[in-house]
Each structure stands twice: as structure tokens, then as C-alpha cells.
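Next comes input_12.txt, a file with compact mmCIF, C-alpha atoms and all ligand atoms.
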# COMPACT_ATOMS: atom_id res chain seq x y z
CA MET A 125 -31.66 51.20 51.33
CA LYS A 126 -28.56 53.34 51.67
CA VAL A 127 -25.40 51.31 51.26
CA LEU A 128 -21.84 52.51 51.76
CA LEU A 129 -19.22 50.22 50.19
CA VAL A 130 -15.82 50.66 51.80
CA TYR A 131 -12.34 49.66 50.67
CA PRO A 132 -10.52 49.77 54.04
CA ASN A 133 -6.92 50.65 54.82
CA PHE A 134 -4.14 48.07 55.08
CA LEU A 135 -2.36 47.38 58.35
CA GLU A 136 1.11 48.01 57.01
CA GLU A 137 2.39 50.72 54.71
CA ARG A 138 3.69 49.32 51.42
CA ILE A 139 6.88 50.14 49.54
CA HIS A 140 4.88 50.05 46.30
CA SER A 141 1.54 51.45 47.35
CA GLU A 142 0.21 51.37 43.76
CA GLU A 143 -0.14 47.59 44.24
CA ILE A 144 -2.88 48.08 46.76
CA GLY A 145 -4.31 51.40 45.65
CA ALA A 146 -6.94 50.10 43.24
CA VAL A 147 -10.46 49.84 44.58
CA PRO A 148 -11.47 46.15 44.11
CA ILE A 149 -13.34 45.52 40.87
CA GLY A 150 -16.04 43.65 42.77
CA MET A 151 -17.17 46.83 44.55
CA HIS A 152 -18.25 48.28 41.21
CA TYR A 153 -20.15 45.09 40.34
CA LEU A 154 -21.89 45.09 43.72
CA GLY A 155 -22.68 48.80 43.49
CA ALA A 156 -24.17 48.40 40.00
CA MET A 157 -26.31 45.43 41.09
CA LEU A 158 -27.72 47.31 44.07
CA MET A 159 -28.32 50.52 42.10
CA GLU A 160 -30.10 48.60 39.37
CA HIS A 161 -32.47 47.41 42.14
CA GLY A 162 -33.16 50.91 43.41
CA HIS A 163 -30.74 51.09 46.32
CA GLU A 164 -28.58 54.13 46.95
CA VAL A 165 -24.88 53.30 46.82
CA LYS A 166 -21.69 55.25 47.57
CA ILE A 167 -18.17 53.87 47.31
CA ALA A 168 -15.62 55.05 49.88
CA ASP A 169 -11.97 54.51 49.10
CA TRP A 170 -10.74 54.59 52.68
CA HIS A 171 -7.53 52.87 51.76
CA ALA A 172 -6.58 56.26 50.33
CA ILE A 173 -7.17 58.12 53.61
CA GLY A 174 -5.27 55.67 55.86
CA ARG A 175 -6.31 55.90 59.48
CA ASP A 176 -8.00 59.25 59.26
CA HIS A 177 -10.94 58.59 61.58
CA ARG A 178 -12.20 62.14 61.36
CA THR A 179 -13.04 61.75 57.69
CA VAL A 180 -14.63 58.38 58.40
CA GLU A 181 -16.83 59.91 61.11
CA GLU A 182 -17.77 62.88 58.95
CA VAL A 183 -18.82 60.68 56.03
CA LEU A 184 -20.81 58.35 58.28
CA LEU A 185 -22.61 61.30 59.90
CA SER A 186 -23.45 62.96 56.61
CA GLU A 187 -24.40 59.80 54.65
CA ARG A 188 -26.02 57.81 57.50
CA PRO A 189 -25.93 54.49 55.58
CA HIS A 190 -28.19 51.62 56.66
CA ILE A 191 -25.52 49.13 55.61
CA VAL A 192 -21.74 49.46 55.52
CA GLY A 193 -20.11 46.77 53.36
CA PHE A 194 -16.35 46.22 53.41
CA SER A 195 -14.29 44.58 50.64
CA ILE A 196 -11.65 42.47 52.30
CA VAL A 197 -8.40 40.74 51.42
CA ASN A 198 -6.43 39.29 54.32
CA ALA A 199 -4.12 42.27 54.45
CA ASN A 200 -6.80 44.92 55.05
CA ARG A 201 -9.06 43.01 57.42
CA TRP A 202 -7.88 44.90 60.51
CA GLY A 203 -8.63 48.18 58.79
CA ALA A 204 -12.20 46.93 58.35
CA VAL A 205 -12.46 45.75 61.96
CA ASP A 206 -11.19 49.13 63.12
CA ILE A 207 -13.63 51.17 61.00
CA SER A 208 -16.52 48.85 62.01
CA ARG A 209 -16.07 50.00 65.62
CA THR A 210 -16.50 53.59 64.49
CA VAL A 211 -19.57 52.63 62.43
CA LYS A 212 -21.33 51.01 65.38
CA LYS A 213 -20.35 53.85 67.74
CA ILE A 214 -21.84 56.50 65.45
CA LEU A 215 -24.67 54.55 63.81
CA PRO A 216 -25.53 51.65 66.16
CA ASP A 217 -28.51 50.56 64.03
CA SER A 218 -26.59 50.20 60.78
CA LYS A 219 -25.48 46.73 59.69
CA VAL A 220 -21.87 45.83 59.02
CA VAL A 221 -21.18 43.31 56.24
CA PHE A 222 -17.79 41.95 55.15
CA GLY A 223 -17.24 40.37 51.71
CA GLY A 224 -14.40 39.41 49.37
CA VAL A 225 -11.68 36.75 49.55
CA GLY A 226 -10.59 37.72 53.09
CA ALA A 227 -14.11 37.45 54.48
CA THR A 228 -14.76 34.19 52.59
CA PHE A 229 -11.76 32.34 53.99
CA LEU A 230 -11.67 33.96 57.45
CA TRP A 231 -15.40 34.35 58.21
CA LYS A 232 -15.28 32.35 61.44
CA ASP A 233 -12.29 34.20 62.93
CA LEU A 234 -13.73 37.54 61.89
CA LEU A 235 -17.14 36.84 63.44
CA GLU A 236 -15.45 35.61 66.62
CA CYS A 237 -13.10 38.55 67.03
CA CYS A 238 -15.25 41.41 65.73
CA PRO A 239 -18.57 41.84 67.58
CA GLU A 240 -19.40 44.77 65.27
CA LEU A 241 -19.56 42.44 62.25
CA ASP A 242 -23.13 41.35 61.52
CA TYR A 243 -22.77 39.26 58.34
CA ALA A 244 -20.04 37.92 56.05
CA VAL A 245 -20.87 37.27 52.40
CA LEU A 246 -18.96 34.22 51.15
CA GLY A 247 -17.79 34.00 47.55
CA GLU A 248 -19.42 35.76 44.62
CA GLY A 249 -21.28 38.72 46.06
CA GLU A 250 -23.85 40.28 43.75
CA GLU A 251 -26.87 38.02 44.23
CA THR A 252 -26.08 37.02 47.79
CA PHE A 253 -25.66 40.60 49.00
CA LEU A 254 -28.84 41.68 47.23
CA GLY A 255 -30.70 38.75 48.79
CA LEU A 256 -29.34 39.54 52.25
CA ILE A 257 -30.38 43.19 51.94
CA GLU A 258 -33.83 42.69 50.42
CA GLN A 259 -34.94 39.49 52.11
CA VAL A 260 -33.34 39.79 55.54
CA LEU A 261 -32.36 43.38 56.35
CA GLN A 262 -35.33 44.97 54.58
CA GLY A 263 -37.82 42.13 54.46
CA GLY A 264 -37.32 40.70 57.96
CA GLY A 265 -36.61 37.16 56.66
CA ARG A 266 -34.37 34.58 58.33
CA PRO A 267 -30.65 34.72 57.46
CA GLU A 268 -30.59 30.90 57.49
CA GLU A 269 -32.51 31.06 54.22
CA ILE A 270 -29.82 32.98 52.34
CA ARG A 271 -27.12 30.80 50.80
CA GLY A 272 -23.50 31.96 50.95
CA ILE A 273 -23.48 33.96 54.17
CA ALA A 274 -22.11 33.62 57.71
CA PHE A 275 -23.40 35.22 60.89
CA ARG A 276 -23.73 34.69 64.65
CA ARG A 277 -26.57 32.65 66.11
CA GLY A 278 -26.76 32.35 69.90
CA GLY A 279 -23.18 33.60 70.14
CA GLU A 280 -21.85 30.96 67.73
CA ALA A 281 -20.45 31.76 64.27
CA ILE A 282 -22.29 29.72 61.65
CA ARG A 283 -22.51 29.68 57.86
CA THR A 284 -25.06 28.60 55.28
CA GLU A 285 -24.25 26.39 52.30
CA ASN A 286 -22.46 27.80 49.25
CA ALA A 287 -24.47 29.97 46.88
CA THR A 288 -24.82 28.82 43.28
CA PRO A 289 -22.47 30.70 40.92
CA ILE A 290 -24.24 33.18 38.63
CA PRO A 291 -24.63 31.11 35.44
CA ASP A 292 -24.27 33.92 32.89
CA LEU A 293 -22.02 36.82 33.85
CA ASP A 294 -23.67 39.05 31.25
CA MET A 295 -26.80 39.02 33.46
CA LEU A 296 -24.92 41.35 35.80
CA PRO A 297 -25.57 45.06 35.35
CA ARG A 298 -22.61 46.70 33.66
CA PRO A 299 -20.56 48.48 36.37
CA SER A 300 -19.46 51.13 33.86
CA LYS A 301 -23.08 52.35 33.64
CA TYR A 302 -22.67 53.72 37.15
CA PHE A 303 -18.97 54.08 37.95
CA THR A 304 -15.71 55.17 36.35
CA PHE A 305 -12.66 52.94 36.88
CA ASP A 306 -9.72 51.41 35.07
CA HIS A 307 -9.47 47.82 36.41
CA LEU A 308 -11.73 45.39 34.55
CA SER A 309 -12.24 41.69 34.51
CA SER A 310 -13.94 39.61 31.81
CA SER A 311 -14.04 36.17 33.43
CA ARG A 312 -14.24 34.39 36.79
CA GLY A 313 -12.51 31.16 37.73
CA CYS A 314 -9.27 29.33 36.90
CA PRO A 315 -8.91 25.66 35.89
CA SER A 316 -5.41 25.37 37.42
CA ASP A 317 -4.66 24.70 41.04
CA CYS A 318 -1.38 26.38 42.02
CA THR A 319 -0.75 25.69 45.69
CA PHE A 320 -0.34 29.33 46.74
CA CYS A 321 -3.34 30.82 44.95
CA GLY A 322 -6.78 31.62 46.31
CA SER A 323 -8.51 32.11 42.97
CA PRO A 324 -9.67 28.54 42.14
CA LYS A 325 -10.65 28.03 45.78
CA PHE A 326 -12.74 31.17 45.67
CA TRP A 327 -14.23 31.12 42.16
CA GLY A 328 -13.96 27.42 41.37
CA ARG A 329 -12.12 25.70 38.54
CA THR A 330 -14.80 26.21 35.92
CA ILE A 331 -14.39 29.52 34.11
CA ARG A 332 -17.32 31.77 33.33
CA PHE A 333 -16.87 34.50 30.73
CA HIS A 334 -18.46 37.80 29.84
CA SER A 335 -19.27 38.02 26.15
CA PRO A 336 -16.97 40.14 23.98
CA ASP A 337 -19.83 42.66 23.57
CA TYR A 338 -20.38 43.11 27.31
CA PHE A 339 -16.65 43.66 27.78
CA ALA A 340 -16.30 46.02 24.81
CA ASP A 341 -19.37 47.98 26.01
CA GLN A 342 -17.60 48.62 29.31
CA LEU A 343 -14.47 49.82 27.50
CA SER A 344 -16.62 52.09 25.31
CA ASP A 345 -18.46 53.59 28.32
CA LEU A 346 -15.22 54.25 30.16
CA SER A 347 -13.29 55.58 27.21
CA ARG A 348 -16.14 58.01 26.44
CA ARG A 349 -15.60 59.30 29.98
CA GLY A 350 -11.93 59.91 29.29
CA ARG A 351 -10.31 56.71 30.54
CA LYS A 352 -7.62 55.69 28.08
CA PHE A 353 -5.62 53.04 29.93
CA PHE A 354 -6.93 49.81 31.49
CA PHE A 355 -5.75 46.88 33.61
CA VAL A 356 -7.52 43.75 32.41
CA SER A 357 -7.28 41.63 35.53
CA ASP A 358 -8.60 38.19 34.54
CA ASP A 359 -6.48 35.39 35.95
CA THR A 360 -5.83 34.26 32.35
CA PHE A 361 -7.31 36.71 29.87
CA THR A 362 -6.13 34.57 26.95
CA MET A 363 -7.90 31.39 28.09
CA ARG A 364 -10.18 31.29 25.01
CA ARG A 365 -8.45 32.24 21.81
CA ASP A 366 -11.50 33.09 19.64
CA ARG A 367 -13.00 35.21 22.35
CA VAL A 368 -9.78 37.23 22.76
CA ILE A 369 -9.55 37.85 19.02
CA SER A 370 -13.21 38.86 18.96
CA ILE A 371 -12.65 41.35 21.81
CA CYS A 372 -9.64 42.78 19.95
CA ASN A 373 -11.70 43.16 16.77
CA LYS A 374 -14.44 44.96 18.67
CA ILE A 375 -11.93 47.40 20.18
CA MET A 376 -10.67 48.17 16.68
CA GLU A 377 -14.11 48.35 15.03
CA ARG A 378 -15.23 50.82 17.67
CA LYS A 379 -12.00 52.79 17.14
CA LEU A 380 -11.32 52.90 20.87
CA ASP A 381 -8.13 54.85 21.39
CA ILE A 382 -6.93 52.90 24.40
CA THR A 383 -4.00 50.91 25.75
CA TRP A 384 -4.20 48.07 28.22
CA PHE A 385 -2.32 45.47 30.26
CA ALA A 386 -3.40 41.83 30.53
CA ILE A 387 -2.51 38.81 32.64
CA SER A 388 -1.79 35.53 30.89
CA LYS A 389 -0.17 32.15 31.06
CA VAL A 390 2.47 30.92 28.60
CA SER A 391 0.39 27.79 28.00
CA HIS A 392 -2.42 29.95 26.57
CA VAL A 393 -0.87 32.26 23.99
CA ASP A 394 0.06 31.95 20.34
CA GLU A 395 1.50 34.24 17.72
CA GLU A 396 -1.77 35.18 16.01
CA MET A 397 -3.57 36.03 19.24
CA LEU A 398 -0.62 38.10 20.45
CA PHE A 399 -0.60 39.98 17.15
CA TRP A 400 -4.29 40.98 17.48
CA MET A 401 -3.87 41.92 21.13
CA ARG A 402 -1.03 44.27 20.28
CA LYS A 403 -3.03 45.79 17.42
CA ALA A 404 -5.94 46.41 19.81
CA GLY A 405 -3.79 48.35 22.26
CA CYS A 406 -2.38 45.71 24.64
CA ILE A 407 1.06 46.97 25.58
CA GLN A 408 2.02 44.63 28.43
CA ILE A 409 1.33 41.01 29.34
CA SER A 410 2.10 39.60 32.79
CA TYR A 411 3.01 35.91 32.85
CA GLY A 412 2.89 33.90 36.07
CA VAL A 413 6.39 32.46 36.01
CA GLU A 414 6.75 32.26 39.82
CA SER A 415 10.20 30.62 39.77
CA GLY A 416 13.08 29.94 37.37
CA SER A 417 13.40 26.44 38.78
CA GLU A 418 11.29 23.66 37.30
CA LYS A 419 11.54 21.79 40.60
CA ILE A 420 10.05 24.67 42.57
CA ARG A 421 7.35 25.16 39.96
CA ARG A 422 6.44 21.47 40.36
CA VAL A 423 6.11 21.98 44.12
CA LEU A 424 3.83 24.96 43.43
CA ASN A 425 1.82 22.78 41.03
CA LYS A 426 2.67 25.19 38.24
CA GLN A 427 2.74 22.62 35.48
CA ILE A 428 4.79 24.48 32.90
CA THR A 429 8.22 23.45 31.59
CA ASP A 430 11.17 25.71 30.82
CA GLY A 431 10.71 24.78 27.14
CA ARG A 432 7.09 26.03 27.13
CA TYR A 433 8.14 29.40 28.59
CA LYS A 434 10.83 29.83 25.95
CA GLU A 435 8.49 28.84 23.11
CA SER A 436 5.72 31.25 24.12
CA LEU A 437 8.01 34.15 24.80
CA GLN A 438 9.59 33.62 21.40
CA ALA A 439 6.11 33.73 19.85
CA ASP A 440 5.73 37.15 21.45
CA ASP A 441 9.06 38.42 20.12
CA GLY A 442 8.47 41.23 17.68
CA THR A 443 4.86 41.99 18.67
CA GLY A 444 6.04 44.87 20.85
CA HIS A 445 4.47 43.79 24.14
CA SER A 446 6.43 44.57 27.25
CA ARG A 447 6.53 41.62 29.63
CA ASP A 448 6.10 41.40 33.34
CA GLY A 449 7.08 38.12 34.99
CA ARG A 450 4.70 37.95 37.93
CA THR A 451 5.74 36.28 41.14
C1 LIG B 501 -6.75 41.60 39.75
C2 LIG B 501 -6.16 41.30 41.09
C3 LIG B 501 -5.37 42.29 41.66
C4 LIG B 501 -5.15 43.65 40.98
C5 LIG B 501 -6.36 44.54 41.14
C6 LIG B 501 -7.01 44.36 42.47
C7 LIG B 501 -8.27 45.10 42.64
N1 LIG B 501 -8.20 46.11 43.42
O1 LIG B 501 -9.28 44.78 42.09
C8 LIG B 501 -3.90 44.17 41.74
C9 LIG B 501 -2.66 43.78 40.95
C10 LIG B 501 -3.85 45.67 42.00
C11 LIG B 501 -3.98 43.33 43.01
C12 LIG B 501 -3.41 43.68 44.18
C13 LIG B 501 -3.47 42.89 45.31
N2 LIG B 501 -3.85 41.62 45.42
CO1 LIG B 501 -4.80 40.75 44.08
N3 LIG B 501 -5.85 39.75 42.85
C14 LIG B 501 -6.38 40.07 41.72
C15 LIG B 501 -7.19 38.89 41.16
C16 LIG B 501 -6.33 38.21 40.08
C17 LIG B 501 -8.57 39.24 40.59
C18 LIG B 501 -9.45 40.11 41.51
C19 LIG B 501 -10.73 40.46 40.80
O2 LIG B 501 -10.82 41.46 40.15
N4 LIG B 501 -11.73 39.64 40.87
C20 LIG B 501 -13.01 39.87 40.19
C21 LIG B 501 -13.98 40.70 41.06
C22 LIG B 501 -15.33 40.74 40.42
O3 LIG B 501 -14.07 40.04 42.30
P1 LIG B 501 -13.86 40.71 43.75
O4 LIG B 501 -13.28 42.06 43.64
O5 LIG B 501 -13.19 39.72 44.61
O6 LIG B 501 -15.38 40.90 44.26
C23 LIG B 501 -16.35 39.87 44.33
C24 LIG B 501 -16.35 39.05 45.63
O7 LIG B 501 -15.10 38.95 46.24
C25 LIG B 501 -17.36 39.73 46.51
N5 LIG B 501 -16.96 40.91 47.29
C26 LIG B 501 -15.85 41.65 47.23
N6 LIG B 501 -15.93 42.70 48.09
C27 LIG B 501 -17.10 42.61 48.73
C28 LIG B 501 -17.69 43.44 49.69
C29 LIG B 501 -18.97 43.13 50.16
C30 LIG B 501 -19.61 44.01 51.16
C31 LIG B 501 -19.64 41.98 49.68
C32 LIG B 501 -20.99 41.65 50.18
C33 LIG B 501 -19.05 41.14 48.72
C34 LIG B 501 -17.78 41.48 48.24
O8 LIG B 501 -18.33 40.14 45.57
C35 LIG B 501 -17.68 40.63 44.40
C36 LIG B 501 -18.56 40.35 43.19
O9 LIG B 501 -18.83 38.99 43.04
C37 LIG B 501 -7.36 38.01 42.45
C38 LIG B 501 -7.49 36.53 42.19
C39 LIG B 501 -8.92 36.25 41.78
N7 LIG B 501 -9.08 35.77 40.61
O10 LIG B 501 -9.86 36.53 42.52
C40 LIG B 501 -6.12 38.38 43.27
C41 LIG B 501 -6.20 38.34 44.77
C42 LIG B 501 -7.52 38.91 45.21
N8 LIG B 501 -5.14 39.29 45.24
C43 LIG B 501 -4.58 38.93 46.29
C44 LIG B 501 -3.66 39.75 46.97
C45 LIG B 501 -2.94 39.13 48.15
C46 LIG B 501 -3.42 41.06 46.57
C47 LIG B 501 -2.59 42.10 47.32
C48 LIG B 501 -2.86 42.17 48.81
C49 LIG B 501 -1.14 41.82 46.98
C50 LIG B 501 -0.15 42.84 47.56
N9 LIG B 501 0.63 43.37 46.70
O11 LIG B 501 -0.11 43.11 48.70
C51 LIG B 501 -3.05 43.38 46.63
C52 LIG B 501 -4.34 43.92 47.29
C53 LIG B 501 -4.88 45.10 46.59
C54 LIG B 501 -6.34 45.13 46.35
N10 LIG B 501 -6.80 46.35 46.19
O12 LIG B 501 -7.08 44.18 46.27
C55 LIG B 501 -5.06 37.59 46.78
C56 LIG B 501 -5.93 37.75 48.02
C57 LIG B 501 -5.66 36.65 49.02
C58 LIG B 501 -6.28 36.96 50.35
N11 LIG B 501 -6.99 36.00 50.89
O13 LIG B 501 -6.10 38.01 50.87
C59 LIG B 501 -5.80 37.01 45.53
C60 LIG B 501 -7.00 36.12 45.83
C61 LIG B 501 -4.74 36.22 44.69
C62 LIG B 501 -4.05 35.15 45.50
N12 LIG B 501 -2.78 35.34 45.77
O14 LIG B 501 -4.61 34.17 45.91
N13 LIG B 501 -4.73 42.20 42.83
S1 LIG B 502 -2.87 29.78 37.03
FE1 LIG B 502 -2.81 31.77 38.08
S2 LIG B 502 -4.91 32.15 38.81
FE2 LIG B 502 -4.78 29.95 38.22
S3 LIG B 502 -4.31 28.86 40.14
FE3 LIG B 502 -2.33 29.32 39.14
S4 LIG B 502 -1.67 31.35 39.97
FE4 LIG B 502 -3.89 31.09 40.46
Reformat the file's structure so that it appears as C-alpha cells.
Ligand code: B12
Ligand code: SF4
Amino acid sequence: MKVLLVYPNFLEERIHSEEIGAVPIGMHYLGAMLMEHGHEVKIADWHAIGRDHRTVEEVLLSERPHIVGFSIVNANRWGAVDISRTVKKILPDSKVVFGGVGATFLWKDLLECCPELDYAVLGEGEETFLGLIEQVLQGGGRPEEIRGIAFRRGGEAIRTENATPIPDLDMLPRPSKYFTFDHLSSSRGCPSDCTFCGSPKFWGRTIRFHSPDYFADQLSDLSRRGRKFFFVSDDTFTMRRDRVISICNKIMERKLDITWFAISKVSHVDEEMLFWMRKAGCIQISYGVESGSEKIRRVLNKQITDGRYKESLQADDGTGHSRDGRT
């Protein structure tokens, strides 16, 4: 089937638009999964075109996708609702599917307020979306039989039970086989439970990892195509020490001439690991400090003391990483 994956525009303009400019990593994973199964996939970065409905209409008319899938965080959901109206006006037979964190947490509201929305995919998308397409939209099966989706039945918004997480992330087709991008992720899940964060609620508190080889293969593919700088967007890239050092060694063995940023936590770094990361091209690490006050951090369930921050940042002194205290 022909699938158009859309990253929709945000409601408000941002002061720092680079924060929202990156096409979500998941769209590349979904695209690769569908292409590996013989579907035709195009990715439309319609965040970049804002509210330019003429371009949207032109692309819909020329591509005529059977399915339009939107990647949604809360802040761009109205962009998706808006474009869905255009989709159904121009291609009334095509199916509209929302996925991503926004669709997962707001599926009921979205199904109630957006009659153009046919299905929401809840949580991890690759297998669920493929199942929805092949078993229901292509195969004529019942949506009730697909785990991890929401839809309308008799006018009421309902959902099926959660899908099982993909046990081995390396089973997923490598997105870099099909697409060129610079945001990568090598794990899913976070064992912590900070009050403000959607990640453990979305991915769960058990972490699943790609192997160092899978990750290094992606970097090799992309660097061969001229990409030299990467954002490694795992919640805590440094969660497993040996794995990080192995990734760094693979980058060096393959002589990849790249630099990269990573996200970490002061509770999960040490001097040796930081040394190898710097040697392998990591030039900035973002630490989730959130607040300078221990009391506020306790309220946020960020269980890290002032002393731990000082100790870890001292361990990083002299490695040459620049630091970004994330809030
Ligand atoms: C890395 C990251 C960033 C990076 C890169 C984002 C990017 N474009 O990929 C940067 C720093 C740029 C960023 C920016 C923002 N982020 Co951010 N980010 C993350 C983080 C840590 C990881 C995202 C990720 O790569 N996941 C891995 C990939 C594989 O997953 P995925 O893209 O979600 O896709 C999977 C599923 O969601 C689903 N899916 C996704 N899209 C679709 C579409 C369809 C059709 C289907 C069927 C399925 C589907 O299937 C995919 C494969 O399994 C998450 C927290 C987390 N761990 O999830 C927060 C998170 C997603 N971000 C968040 C926010 C708020 C933002 C910003 C809006 C912040 C801002 N400044 O305004 C912007 C939004 C920009 C954007 N383009 O997403 C929130 C979203 C909360 C919400 N409910 O809206 C999260 C959950 C963190 C939190 N605070 O709780 N972010
Ligand atoms: S450690 Fe980071 S990713 Fe994990 S729950 Fe806290 S803020 Fe979210």
C-alpha cells in the first residue's frame, strides 16, 4: 500500500524553532519496517512548510496515498487535525492514522474531536502499524484483533489492550538503509520515574537496547552518505557502561569521522566511559539537572543529590565535552 508519513506543523511559532525542526526518529523506523514489507513510503516534513495548504493539497493529489500517518506530540496535534480535514476532502477513501506520544496519551480526545481520524496507534508503532495495515486495511480483518490501537465503534471511542513490546530491537529493519537523518536512538525505556516525563509511561521502565553493531552500522551508513554530526537521543545513552565503550570502540575501529551529542544522567557516568566517548567524537553531553534545588528535585522525583552532580561533573573535567544542563 502507499503510505504517507507526516510530521505536522505546531500550533504556535517557537523562539527556538530548531527544537522542533527534527523529524521524529520513529518515522524512519516505521518507514523502514513498512518498506521492508513491500509497502511504498514517503515522509513529508510538513512542520517545515507551516500552514501551507496548497503544498499539502498538491502532494496529496500527486501521491494519492492509501494511508496518511501522522507523528504526534501534544504540541502538534492540531496541525494533524487540520491536515486530516484536507486529506479526507481530497482523498475521502484514504485512512488517517495518528501515532506517537501525543496520540497514545490523547487517543480518546482525538477520536472524539476529529471525525477524520480513523485509527490511533498506541505506544511502539512498528509492528502494530504493520498489523493494522496488512490485517485490517488490506486484509479486511477486524480492528478489535489488533493490540495497541484505538478507533471508533458505533460512535464510541474504544481501544484494544496494550501491544507487547518488541523483544529485540535489532529485529527492526535499520532505518538508515532507507533514509538519511541525523537523530538516532539506541535504546527504548527509562527505569526512572520523574513526575513530569512521558518516557517511562510510554516505553515502560525496562530498557531495551540495540546492539553496538546495529547502532554502529547506522552511523556507518549515514556517514557514507555525508552525515558527519549526530544527535544521539536516548533518554540515558550511558545506561550500560560496557555497551557505551563497545560503541565507542566500533566508531574508532571503523574510522568514522563524526562528532555527536548524547543525553545522560550524572548517576550513570564515570571517568573512563567519558574518556572513550570523547575519543569517539562525542563533543557534548546533556544532563537532566532540572533544578538547582534539591527540594524541587525531590518533588520531581529526580533522585540525585547536589554531591552526585558535583562528583560526576568533576569526572568530566578535562575530557573536553561541552555540557548542556537540560531543563
Ligand atoms: C529525542 C527527543 C527529542 C529530540 C528529537 C525529537 C525528534 N524529532 O525525534 C528533540 C530535542 C529535538 C526533541 C524536541 C521536542 N520534544 Co522531545 N523527546 C525526545 C525523546 C527523549 C526521545 C524521542 C525518540 O526518539 N524516541 C524513539 C523513537 C523510536 O520513538 P518515536 O519517535 O516516539 O516513534 C515511535 C512511536 O512513538 C510510534 N510513532 C511515532 N510516530 C508515529 C506515527 C504513526 C503514524 C504511527 C502509527 C506510530 C508512530 O512509533 C514509533 C516507533 O516505535 C522523548 C522521550 C522518549 N524517550 O520518548 C521526548 C519527548 C517525545 N519530547 C517531548 C517534547 C514535549 C518535545 C518538544 C515538543 C519540546 C519543545 N521544545 O517544544 C519538541 C518536539 C519536537 C519533535 N520534533 O518531536 C515529550 C512529548 C510529550 C507529549 N506528550 O507531547 C517527550 C515524551 C518527553 C517528555 N517531556 O515527556 N525531543
Ligand atoms: S530520567 Fe530522564 S527520561 Fe527518565 S523519567 Fe527522568 S526525565 Fe524522563
Within 6 Å of ligand LIG 502 (chain B), which residues show up when you count only C-alpha atoms and all ligand atoms? List them as a list in words, please.
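If we count only C-alpha atoms and all ligand atoms, the neighbours of ligand LIG 502 (chain B) turn out to be Cys314, Ser316, Asp317, Cys318, Cys321, Ser323, Pro324 and Asp359 of chain A.
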Between A:Asn373, A:Thr252, A:Ser186, A:Gln427, which one has atoms that come closest to ligand LIG 501 (chain B), using all atoms listed in the file?
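Of A:Asn373, A:Thr252, A:Ser186, A:Gln427, the one nearest ligand LIG 501 (chain B) is A:Thr252, counting all atoms listed in the file.
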Contacts of segment 128-132 of chain A at 6 Å (all atoms listed in the file; same-chain gap of 6+ positions) as an MDAnalysis selection string
chainID A and resid 165:171 189 192:195 203:204
Write out the residues from the selection above, keeping C-alpha atoms, as a CSV table (one decimal), keeping the file's coordinate frame.
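To be explicit, this is the file written out as part.csv:
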chain,number,residue,atom,x,y,z
A,165,VAL,CA,-24.9,53.3,46.8
A,166,LYS,CA,-21.7,55.2,47.6
A,167,ILE,CA,-18.2,53.9,47.3
A,168,ALA,CA,-15.6,55.0,49.9
A,169,ASP,CA,-12.0,54.5,49.1
A,170,TRP,CA,-10.7,54.6,52.7
A,171,HIS,CA,-7.5,52.9,51.8
A,189,PRO,CA,-25.9,54.5,55.6
A,192,VAL,CA,-21.7,49.5,55.5
A,193,GLY,CA,-20.1,46.8,53.4
A,194,PHE,CA,-16.4,46.2,53.4
A,195,SER,CA,-14.3,44.6,50.6
A,203,GLY,CA,-8.6,48.2,58.8
A,204,ALA,CA,-12.2,46.9,58.4
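Distance-wise, atom N13 of ligand LIG 501 (chain B) and atom CA of Lys434 of chain A end up 26.1 Å apart.
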Quick one: pull the distance between atom CA of Ile331 of chain A and atom CA of Arg312 of chain A, Å, one decimal.
5.6 Å
Long-range neighbours of Ser436 of chain A as a PyMOL selection string, 6 Å cut-off, all atoms listed in the file, 3 positions minimum in chain
chain A and resi 390+433+439
Around (-9.7, 54.0, 26.7) in the file's frame, which residues reach within 7 Å when counting all atoms listed in the file? Return as a ChimeraX atom specification?
/A:343,346-347,350-354,380-383
From the options A:Ile139, A:Pro291, A:Lys374, A:Glu418, which residue's atoms come nearest to Met401 of chain A, counting all atoms listed in the file?
A:Lys374
Can you report as AutoDock Vina command-line options the centre and edge lengths in Å, to one decimal, of an axis-aligned box around the listed atoms of ligand LIG 501 (chain B) padded with 3 Å on each side?
--center_x -10.2 --center_y 40.3 --center_z 45.5 --size_x 27.6 --size_y 18.2 --size_z 17.4
Option closest in space to Asp206 of chain A, from A:Ile273, A:Leu135, A:Cys372, A:Ile149 [counting only C-alpha atoms]:
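Under the stated criterion, the closest residue is A:Leu135.
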Tell me which protein, DNA and RNA residues are within 12 Å of segment 152-159 of chain A, counting all atoms listed in the file, leaving out same-chain ones fewer than 3 positions away, and put them as a ChimeraX atom specification.
/A:125-131,146-149,162-169,191,193-195,223-224,245,248-258,293-310,342
Within 9 Å of segment 179-183 of chain A, counting only C-alpha atoms, which residues qualify if same-chain residues fewer than 5 places away don't, as a VMD selection string?
chain A and resid 168 170 173 188 207 210 to 211 214
Computed interatomic separation between atom C14 of ligand LIG 501 (chain B) and atom CA of Arg402 of chain A (Å):
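Calculated distance between atom C14 of ligand LIG 501 (chain B) and atom CA of Arg402 of chain A is 22.5 Å.
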10 Å contact set for His445 of chain A, all atoms listed in the file, chain neighbours under 3 positions out, as a PDB file with C-alpha atoms, keeping the file's coordinate frame:
ATOM      1  CA  PHE A 385      -2.320  45.470  30.260  1.00  0.00           C
ATOM      2  CA  LEU A 398      -0.620  38.100  20.450  1.00  0.00           C
ATOM      3  CA  PHE A 399      -0.600  39.980  17.150  1.00  0.00           C
ATOM      4  CA  MET A 401      -3.870  41.920  21.130  1.00  0.00           C
ATOM      5  CA  ARG A 402      -1.030  44.270  20.280  1.00  0.00           C
ATOM      6  CA  GLY A 405      -3.790  48.350  22.260  1.00  0.00           C
ATOM      7  CA  CYS A 406      -2.380  45.710  24.640  1.00  0.00           C
ATOM      8  CA  ILE A 407       1.060  46.970  25.580  1.00  0.00           C
ATOM      9  CA  GLN A 408       2.020  44.630  28.430  1.00  0.00           C
ATOM     10  CA  ILE A 409       1.330  41.010  29.340  1.00  0.00           C
ATOM     11  CA  SER A 410       2.100  39.600  32.790  1.00  0.00           C
ATOM     12  CA  ASP A 440       5.730  37.150  21.450  1.00  0.00           C
ATOM     13  CA  ASP A 441       9.060  38.420  20.120  1.00  0.00           C
ATOM     14  CA  GLY A 442       8.470  41.230  17.680  1.00  0.00           C
ATOM     15  CA  ASP A 448       6.100  41.400  33.340  1.00  0.00           C
TER      16      ASP A 448
END
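In terms of minimum interatomic distance to Tyr411 of chain A, A:Asp358 ranks closest within A:Glu269, A:Asp366, A:Asp358, A:Glu142, counting only C-alpha atoms.
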Tell me which of A:Asp394, A:Glu143, A:Glu137, A:Glu268 sits closest to ligand LIG 501 (chain B), counting all atoms listed in the file.
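Going through A:Asp394, A:Glu143, A:Glu137, A:Glu268 one by one, the smallest distance to ligand LIG 501 (chain B) is for A:Glu143.
When only C-alpha atoms are used to measure the gap to Trp231 of chain A, the shortest distance among A:Gly272, A:Gly265, A:Pro216, A:Gly412 belongs to A:Gly272.
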